[in-house]
Each structure stands twice: as structure tokens, then as C-alpha cells.
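The structure under discussion appears below in the form of C-alpha cells.
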Amino acid sequence: MRYFGTTWVNHESGYGLRRAAIAVGSLVTATAAALLLRFSYEGLEIGNVGPFLSISVVVLFAISSAIAFVKTWDSYNRRPAPSSDEAALKGLKMIGFIGSLIAYSLRCLTEAPGEKLRRAEYERALADYERRRSTRTGNPAARRPKRKK
């Protein structure tokens, strides 16, 4: 929700245009990152490091990108449990940043990333606030004193 401020609440102030621009921007960034990884792979080929290391690097980035995509996509639907393995997977998600960028771009096509989760939390907090406000009646000082036993 970093780039949306509070426009996601009522979908105002160029919300749709901002969503489209961010989707395109993250997709362009993912493409540039893929090109950078391609150049790195070509550097490995020029360095003649051998087929094992070349294949290992490709498999490492593919697996970490897939895991980063799934974890990023899931983070838009629910908050991680306090005892989850999110902290342990930070490094893996950093290596697979292309998967995270693609998940962010795809999510921008339907909503602001995390909007559904934040909207549910916002509406729950609003309902709790209304419930608390509606139970207050009158002046508390004017209430009858409690009966002594």
C-alpha cells in the first residue's frame, strides 16, 4: 500500500491510473532484472565454470523466484502467523526478487497489493469503533451509585 496512501479506501484521486502505472513499473523492473540475470549467466559461460555450476545457478534462481512469488502472493491475502517462517525466508525472497515483482505486478491488475486484507481490517476496526460508541449512553457521573452489601 506504499504507493497508494489512503486512495484505496474510496478509490479516488487517480487510484486506477496509479495502479496501472505501478503494475507496468514493476513488470518493467522484473524484465530488467531478468536481463541482468541473463548477463550474469552469460558471464558464467564466458568464465567456463562448468555445466554443474551453470545449471545450479539457473535452478536456484528459478526455485527461489517461485517461492518468492507464492509467499508474496499469499501475503496479500492474510497476515503471517507470529511464529511463521517469514523471517527465515527473507534471504530466499531476496534472491527470488523477480517472483516478488511479478506477483506485485499481477496483484496491481486487480487491486492495490494488500488492499483486500487492509479493507477487511479497516471495516472490522470501524465496526468495533461504532459498537463501542453506540454502547455509551449518557453521562457516567449521573449513574446511580452501586448498592453496598
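Residue numbers start at 1 in each chain; chains themselves are named A, B, ... in the order of the C-alpha cells; ligands are numbered from 1 in the order shown.
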Distance query range 36-47 of chain A at most 10 Å, only C-alpha atoms, self and fewer than 5 positions along chain excluded, as a PyMOL selection string: chain A and resi 30-31+53-55+57-58+61+98
Residues near range 112-116 of chain A, cut-off 7 Å, only C-alpha atoms, skip fewer than 3 positions along chain, as a PyMOL selection string: chain A and resi 1+8+19+76-77+104+107-108+119-120
Include C-alpha atoms and write out the residues we just selected as a CSV table (one decimal), in the first residue's frame.
```csv
chain,number,residue,atom,x,y,z
A,1,MET,CA,0.0,0.0,0.0
A,8,TRP,CA,-7.5,2.7,-1.7
A,19,ARG,CA,-2.5,1.0,-10.1
A,76,TYR,CA,-1.7,-10.1,0.2
A,77,ASN,CA,-4.5,-12.4,1.5
A,104,TYR,CA,3.2,-7.4,-7.2
A,107,ARG,CA,-1.9,-8.1,-8.0
A,108,CYS,CA,-1.9,-4.5,-9.2
A,119,ARG,CA,-10.0,-3.3,3.8
A,120,ALA,CA,-11.2,-6.2,6.0
```
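For the pair CA of Ile95 in chain A and CA of Ala68 in chain A, the separation is 8.4 Å.
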Which of range 27-95 of chain A fall in helix (DSSP H, G or I), as JSON, numbers by chain: {"A": [27, 28, 29, 30, 31, 32, 33, 34, 35, 36, 37, 38, 39, 40, 41, 42, 43, 44, 45, 46, 51, 52, 53, 54, 55, 56, 57, 58, 59, 60, 61, 62, 63, 64, 65, 66, 67, 68, 69, 70, 71, 72, 73, 74, 75, 90, 91, 92, 93, 94, 95]}
Who sits within 12 Å of Phe69 in chain A, only C-alpha atoms, same chain under 2 positions skipped, as a VMD selection string: chain A and resid 61 to 67 71 to 76 92 to 107
Restrict the selected residues to C-alpha atoms and save them as a PDB file, in the first residue's frame.
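Once written, part_35.pdb looks like this:
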```pdb
ATOM      1  CA  PHE A  61      17.004 -18.605  -9.203  1.00  0.00           C
ATOM      2  CA  ALA A  62      14.018 -20.484 -10.629  1.00  0.00           C
ATOM      3  CA  ILE A  63      13.141 -22.146  -7.329  1.00  0.00           C
ATOM      4  CA  SER A  64      13.708 -19.038  -5.233  1.00  0.00           C
ATOM      5  CA  SER A  65      11.630 -16.938  -7.664  1.00  0.00           C
ATOM      6  CA  ALA A  66       8.782 -19.442  -7.468  1.00  0.00           C
ATOM      7  CA  ILE A  67       8.893 -19.484  -3.661  1.00  0.00           C
ATOM      8  CA  LYS A  71       4.947 -16.154  -0.442  1.00  0.00           C
ATOM      9  CA  THR A  72       4.382 -12.637  -1.779  1.00  0.00           C
ATOM     10  CA  TRP A  73       1.030 -13.588  -3.287  1.00  0.00           C
ATOM     11  CA  ASP A  74      -0.090 -15.213  -0.022  1.00  0.00           C
ATOM     12  CA  SER A  75       0.982 -12.175   1.993  1.00  0.00           C
ATOM     13  CA  TYR A  76      -1.677 -10.112   0.201  1.00  0.00           C
ATOM     14  CA  LEU A  92      15.360 -16.621  -0.270  1.00  0.00           C
ATOM     15  CA  LYS A  93      12.775 -13.983  -1.189  1.00  0.00           C
ATOM     16  CA  MET A  94      15.579 -11.516  -1.838  1.00  0.00           C
ATOM     17  CA  ILE A  95      17.270 -13.925  -4.226  1.00  0.00           C
ATOM     18  CA  GLY A  96      13.945 -14.600  -5.956  1.00  0.00           C
ATOM     19  CA  PHE A  97      13.023 -10.919  -6.212  1.00  0.00           C
ATOM     20  CA  ILE A  98      11.785 -11.414  -9.785  1.00  0.00           C
ATOM     21  CA  GLY A  99       8.981 -13.630  -8.478  1.00  0.00           C
ATOM     22  CA  SER A 100       8.020 -10.976  -5.928  1.00  0.00           C
ATOM     23  CA  LEU A 101       7.968  -8.274  -8.617  1.00  0.00           C
ATOM     24  CA  ILE A 102       5.779 -10.386 -10.879  1.00  0.00           C
ATOM     25  CA  ALA A 103       3.371 -11.137  -8.012  1.00  0.00           C
ATOM     26  CA  TYR A 104       3.204  -7.412  -7.213  1.00  0.00           C
ATOM     27  CA  SER A 105       2.538  -6.568 -10.855  1.00  0.00           C
ATOM     28  CA  LEU A 106      -0.192  -9.178 -11.233  1.00  0.00           C
ATOM     29  CA  ARG A 107      -1.871  -8.101  -8.000  1.00  0.00           C
TER      30      ARG A 107
END
```
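Residue nearest Ala20 in chain A within the list A:Leu109, A:Arg147, A:Asn139, A:Leu126: A:Leu109 [criterion: smallest interatomic distance, only C-alpha atoms].
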